[in-house]
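Trainee: Here you go, this is work.tsv (TSV, C-alpha atoms).
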chain	number	residue	atom	x	y	z
A	1	MET	CA	0.00	0.00	0.00
A	2	LYS	CA	1.21	3.46	-0.85
A	3	ASN	CA	2.54	5.46	2.06
A	4	ILE	CA	4.48	8.73	2.20
A	5	LEU	CA	7.02	6.88	4.37
A	6	ASN	CA	8.00	4.77	1.34
A	7	GLU	CA	10.70	6.59	-0.62
A	8	PRO	CA	9.17	6.06	-4.11
A	9	ASN	CA	5.75	7.24	-2.87
A	10	LYS	CA	7.28	10.27	-1.16
A	11	ILE	CA	9.17	11.21	-4.35
A	12	GLU	CA	6.00	10.75	-6.42
A	13	LEU	CA	3.96	13.07	-4.17
A	14	LEU	CA	6.68	15.72	-3.99
A	15	LYS	CA	6.97	15.72	-7.80
A	16	ARG	CA	3.20	16.09	-8.10
A	17	ILE	CA	3.22	18.97	-5.59
A	18	GLU	CA	5.97	20.61	-7.63
A	19	LYS	CA	3.84	20.30	-10.81
A	20	VAL	CA	0.93	22.18	-9.23
A	21	LYS	CA	0.65	25.68	-10.69
A	22	GLU	CA	-1.18	28.70	-9.40
A	23	SER	CA	-3.41	28.53	-12.49
A	24	ASN	CA	-4.64	24.97	-11.72
A	25	LYS	CA	-8.42	24.86	-11.31
A	26	ALA	CA	-10.31	22.34	-9.20
A	27	LEU	CA	-11.97	19.51	-11.10
A	28	TRP	CA	-14.45	19.29	-8.20
A	29	GLY	CA	-15.04	20.97	-4.85
A	30	LYS	CA	-14.79	24.53	-3.60
A	31	MET	CA	-11.11	25.00	-2.74
A	32	SER	CA	-8.68	27.11	-4.69
A	33	VAL	CA	-5.27	25.63	-5.42
A	34	ASN	CA	-3.70	27.75	-2.63
A	35	GLU	CA	-6.36	26.62	-0.18
A	36	MET	CA	-5.64	23.02	-1.14
A	37	LEU	CA	-1.92	23.44	-0.39
A	38	CYS	CA	-2.75	24.97	3.01
A	39	HIS	CA	-5.34	22.23	3.67
A	40	LEU	CA	-2.75	19.50	3.05
A	41	ALA	CA	-0.23	21.35	5.21
A	42	ASP	CA	-2.82	21.55	7.99
A	43	GLN	CA	-3.27	17.77	7.90
A	44	VAL	CA	0.44	17.35	8.55
A	45	ARG	CA	0.26	20.01	11.28
A	46	VAL	CA	-2.53	18.00	12.92
A	47	SER	CA	-0.44	14.81	12.87
A	48	LEU	CA	2.44	16.68	14.52
A	49	GLN	CA	0.14	18.23	17.16
A	50	LEU	CA	0.79	21.73	15.81
A	51	ILE	CA	-2.99	22.06	15.41
A	52	LYS	CA	-5.09	20.38	18.08
A	53	THR	CA	-8.28	18.58	17.11
A	54	LYS	CA	-11.16	17.29	19.19
A	55	ASP	CA	-11.67	13.55	19.46
A	56	ALA	CA	-14.73	12.71	17.36
A	57	SER	CA	-13.91	9.01	17.08
A	58	SER	CA	-16.18	6.20	18.10
A	59	PHE	CA	-15.78	2.45	18.47
A	60	LEU	CA	-17.01	2.05	14.89
A	61	THR	CA	-14.72	4.68	13.34
A	62	ARG	CA	-11.64	3.47	15.29
A	63	ASN	CA	-12.16	-0.25	14.64
A	64	VAL	CA	-13.95	-0.49	11.31
A	65	ALA	CA	-13.85	2.74	9.31
A	66	ALA	CA	-10.13	3.35	9.98
A	67	LYS	CA	-9.23	-0.10	8.66
A	68	ILE	CA	-11.36	0.37	5.53
A	69	VAL	CA	-9.90	3.81	4.79
A	70	LEU	CA	-6.30	2.75	5.45
A	71	ALA	CA	-6.87	-0.29	3.20
A	72	GLY	CA	-7.51	2.14	0.35
A	73	MET	CA	-11.24	2.62	-0.07
A	74	PRO	CA	-11.47	5.80	-2.18
A	75	ALA	CA	-13.07	8.82	-0.55
A	76	PRO	CA	-16.23	9.97	-2.29
A	77	LYS	CA	-15.59	13.38	-3.84
A	78	GLY	CA	-17.05	16.16	-1.75
A	79	LYS	CA	-18.68	13.81	0.76
A	80	ILE	CA	-16.07	13.65	3.54
A	81	LYS	CA	-16.15	16.36	6.19
A	82	THR	CA	-12.83	17.78	7.26
A	83	PHE	CA	-11.93	18.47	10.88
A	84	PRO	CA	-13.70	21.68	11.97
A	85	GLU	CA	-10.38	23.04	13.26
A	86	ILE	CA	-8.96	23.11	9.71
A	87	ASP	CA	-12.13	23.56	7.62
A	88	PHE	CA	-11.64	26.65	5.45
A	89	VAL	CA	-15.41	26.77	4.75
A	90	LEU	CA	-15.89	27.46	8.48
A	91	GLY	CA	-13.18	30.12	8.35
A	92	ASN	CA	-10.63	27.88	10.10
A	93	GLY	CA	-7.29	26.52	9.07
A	94	THR	CA	-4.23	28.17	7.62
A	95	LYS	CA	-5.02	31.02	5.25
A	96	PRO	CA	-3.26	31.08	1.87
A	97	THR	CA	-0.41	33.50	1.40
A	98	GLU	CA	1.76	33.59	-1.71
A	99	PHE	CA	1.48	30.47	-3.89
A	100	GLU	CA	5.16	29.45	-3.93
A	101	ASN	CA	5.41	30.15	-0.20
A	102	ASP	CA	2.42	27.89	0.52
A	103	LYS	CA	3.95	25.17	-1.66
A	104	SER	CA	7.30	25.50	0.13
A	105	LEU	CA	5.64	25.37	3.57
A	106	LEU	CA	3.85	22.17	2.59
A	107	LYS	CA	7.08	20.50	1.46
A	108	ASN	CA	8.83	21.63	4.66
A	109	LEU	CA	6.06	20.15	6.80
A	110	VAL	CA	6.32	16.86	4.92
A	111	ALA	CA	10.06	16.85	5.66
A	112	GLU	CA	9.36	17.59	9.33
A	113	PHE	CA	6.84	14.73	9.52
A	114	LEU	CA	9.28	12.33	7.87
A	115	SER	CA	12.07	13.34	10.27
A	116	LYS	CA	10.09	12.29	13.36
A	117	GLU	CA	10.93	9.02	15.07
A	118	ASN	CA	8.25	6.32	15.23
A	119	GLU	CA	7.96	7.01	18.96
A	120	PHE	CA	7.06	10.68	18.42
A	121	PRO	CA	3.70	11.41	20.13
A	122	PHE	CA	1.62	11.84	16.98
A	123	GLN	CA	-1.83	13.26	17.62
A	124	PRO	CA	-4.67	10.75	17.40
A	125	HIS	CA	-6.73	11.15	14.25
A	126	ALA	CA	-9.90	13.07	15.12
A	127	THR	CA	-12.12	10.48	13.42
A	128	PHE	CA	-10.08	7.27	13.52
A	129	GLY	CA	-8.41	7.55	16.93
A	130	PRO	CA	-4.82	6.60	17.82
A	131	PHE	CA	-2.50	6.58	14.81
A	132	THR	CA	1.08	5.42	14.48
A	133	LYS	CA	3.56	7.16	12.21
A	134	MET	CA	2.83	4.41	9.65
A	135	ASP	CA	-0.93	5.11	9.87
A	136	TRP	CA	-0.37	8.85	9.49
A	137	GLY	CA	1.98	8.21	6.56
A	138	ARG	CA	-0.72	6.15	4.85
A	139	ILE	CA	-3.57	8.63	5.43
A	140	ILE	CA	-1.34	11.53	4.37
A	141	TYR	CA	-0.58	9.70	1.11
A	142	ILE	CA	-4.30	8.98	0.53
A	143	HIS	CA	-5.33	12.56	1.33
A	144	PHE	CA	-2.58	14.19	-0.75
A	145	ASP	CA	-3.34	11.89	-3.70
A	146	HIS	CA	-7.05	12.79	-3.52
A	147	HIS	CA	-6.46	16.55	-3.54
A	148	LEU	CA	-3.62	16.52	-6.06
A	149	LYS	CA	-5.97	14.66	-8.44
A	150	GLN	CA	-8.59	17.32	-7.67
A	151	PHE	CA	-6.19	19.87	-9.19
A	152	GLY	CA	-4.96	17.71	-12.07
A	153	ALA	CA	-1.59	16.79	-10.58
Could you rewrite the structure in this file as structure tokens?
Mentor:
Amino acid sequence: MKNILNEPNKIELLKRIEKVKESNKALWGKMSVNEMLCHLADQVRVSLQLIKTKDASSFLTRNVAAKIVLAGMPAPKGKIKTFPEIDFVLGNGTKPTEFENDKSLLKNLVAEFLSKENEFPFQPHATFGPFTKMDWGRIIYIHFDHHLKQFGA
């Protein structure tokens, strides 16, 4: 399974991020390309506990839904709610700045995530509960892939 912790998958995602241009338009959804870069960066910030989220997990989401999602079930476009703490529609999350700066910040956060030891106290996922570095690496890959496709990358 693809995971940002795997070198080829990491390289693939970083190349796709690099291909994103300010002129890219969303194929679905409401985000601009800058908002997408900030949204992905916020996911990494959440994993690193730089943005705190409330626990909205349940027995079902921790024990069933998490396994299904991590196994690779594709997310339905526009049907998955983001964490309120990083939902730009609610006015939350990191606000876009300059395009190349937002892109650079995202790549730097990926590098920071990758540099953490497995024992680092990663924040539990707000919906799926406790996550290891491997789990976060997998969900980051899935989430990045989804939104990079949204912008044709």
Trainee: Pick from A:Ala111, A:Val89, A:Leu5, A:Ala56: nearest to Thr127 in chain A, with only C-alpha atoms counted?
Mentor: A:Ala56
Trainee: At a cut-off of 9 Å around the point (-4.6, 17.5, 12.7) (file coordinates), what residues fall inside when counting all atoms listed in the file? I'd like the answer as an NGL selection string.
Mentor: :A and (42-53 or 83 or 85-86 or 123-126)
Trainee: What lies within 12 Å of Lys95 in chain A using only C-alpha atoms, ignoring chain neighbours under 3 positions off, as a ChimeraX atom specification?
Mentor: /A:31-42,86-92,98-99,101-102
Trainee: Interatomic distance between CA of Lys19 in chain A and CA of Glu112 in chain A?
Mentor: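 Between these atoms lies a distance of 21.1 Å.
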Trainee: Given only C-alpha atoms as the basis, pick out the residue of A:Leu114, A:Leu105, A:Met1, A:Val69 nearest to His143 in chain A.
Mentor: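 Checking each of A:Leu114, A:Leu105, A:Met1, A:Val69 against His143 in chain A, counting only C-alpha atoms, the winner is A:Val69.
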Trainee: Would you mind reading off the distance between CA of Lys149 in chain A and CA of Leu27 in chain A, one decimal, in Å?
Mentor: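 According to the coordinates, CA of Lys149 in chain A and CA of Leu27 in chain A are separated by 8.2 Å.
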Trainee: For each of A:Trp28, A:Phe128, A:Phe59, A:Phe144, take the minimum atom-to-atom distance to Lys107 in chain A, counting all atoms listed in the file, then give the residue where this is smallest.
Mentor: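 That would be A:Phe144, the residue with the smallest distance to Lys107 in chain A.
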Trainee: To one decimal in Å, tell me the separation between CA of Ala66 in chain A and CA of Asp145 in chain A.
Mentor: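 CA of Ala66 in chain A sits 17.5 Å away from CA of Asp145 in chain A.
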Trainee: May I ask which of the residues A:Leu70, A:Thr94, A:Ser115, A:Ala65 is the closest one to Ile140 in chain A, counting all atoms listed in the file?
Mentor: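 Selected residue with least distance to Ile140 in chain A: A:Leu70.
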Trainee: Complete the atom set of range 128-152 of chain A to N, CA and C atoms and return it as a compact mmCIF listing (two decimals), in the frame of the given file.
Mentor:
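The new file rebuild_19.txt reads:
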# COMPACT_ATOMS: atom_id res chain seq x y z
N PHE A 128 -10.49 8.68 13.45
CA PHE A 128 -10.08 7.27 13.52
C PHE A 128 -9.30 6.90 14.78
N GLY A 129 -9.06 7.85 15.66
CA GLY A 129 -8.41 7.55 16.93
C GLY A 129 -6.90 7.44 16.84
N PRO A 130 -6.28 6.69 17.77
CA PRO A 130 -4.82 6.60 17.82
C PRO A 130 -4.22 6.15 16.50
N PHE A 131 -3.19 6.87 16.06
CA PHE A 131 -2.50 6.58 14.81
C PHE A 131 -1.01 6.50 15.06
N THR A 132 -0.37 5.52 14.47
CA THR A 132 1.08 5.42 14.48
C THR A 132 1.63 6.31 13.36
N LYS A 133 2.94 6.43 13.32
CA LYS A 133 3.56 7.16 12.21
C LYS A 133 3.20 6.48 10.88
N MET A 134 3.19 5.15 10.86
CA MET A 134 2.83 4.41 9.65
C MET A 134 1.39 4.73 9.22
N ASP A 135 0.47 4.78 10.18
CA ASP A 135 -0.93 5.11 9.87
C ASP A 135 -1.03 6.54 9.31
N TRP A 136 -0.35 7.48 9.98
CA TRP A 136 -0.37 8.85 9.49
C TRP A 136 0.25 8.93 8.09
N GLY A 137 1.34 8.21 7.87
CA GLY A 137 1.98 8.21 6.56
C GLY A 137 1.04 7.71 5.47
N ARG A 138 0.25 6.71 5.81
CA ARG A 138 -0.72 6.15 4.85
C ARG A 138 -1.85 7.15 4.57
N ILE A 139 -2.43 7.71 5.64
CA ILE A 139 -3.57 8.63 5.43
C ILE A 139 -3.10 9.92 4.76
N ILE A 140 -1.89 10.35 5.06
CA ILE A 140 -1.34 11.53 4.37
C ILE A 140 -1.21 11.23 2.88
N TYR A 141 -0.69 10.06 2.54
CA TYR A 141 -0.58 9.70 1.11
C TYR A 141 -1.97 9.73 0.46
N ILE A 142 -2.94 9.07 1.09
CA ILE A 142 -4.30 8.98 0.53
C ILE A 142 -4.90 10.38 0.34
N HIS A 143 -4.75 11.22 1.36
CA HIS A 143 -5.33 12.56 1.33
C HIS A 143 -4.65 13.44 0.28
N PHE A 144 -3.31 13.41 0.25
CA PHE A 144 -2.58 14.19 -0.75
C PHE A 144 -2.96 13.73 -2.15
N ASP A 145 -3.00 12.43 -2.38
CA ASP A 145 -3.34 11.89 -3.70
C ASP A 145 -4.73 12.39 -4.13
N HIS A 146 -5.69 12.33 -3.22
CA HIS A 146 -7.05 12.79 -3.52
C HIS A 146 -7.07 14.24 -3.98
N HIS A 147 -6.40 15.12 -3.21
CA HIS A 147 -6.46 16.55 -3.54
C HIS A 147 -5.55 16.93 -4.70
N LEU A 148 -4.46 16.24 -4.88
CA LEU A 148 -3.62 16.52 -6.06
C LEU A 148 -4.38 16.13 -7.33
N LYS A 149 -5.11 15.03 -7.30
CA LYS A 149 -5.97 14.66 -8.44
C LYS A 149 -7.03 15.73 -8.67
N GLN A 150 -7.57 16.28 -7.57
CA GLN A 150 -8.59 17.32 -7.67
C GLN A 150 -8.08 18.50 -8.51
N PHE A 151 -6.78 18.75 -8.45
CA PHE A 151 -6.19 19.87 -9.19
C PHE A 151 -5.33 19.41 -10.38
N GLY A 152 -5.60 18.19 -10.85
CA GLY A 152 -4.96 17.71 -12.07
C GLY A 152 -3.50 17.38 -11.96
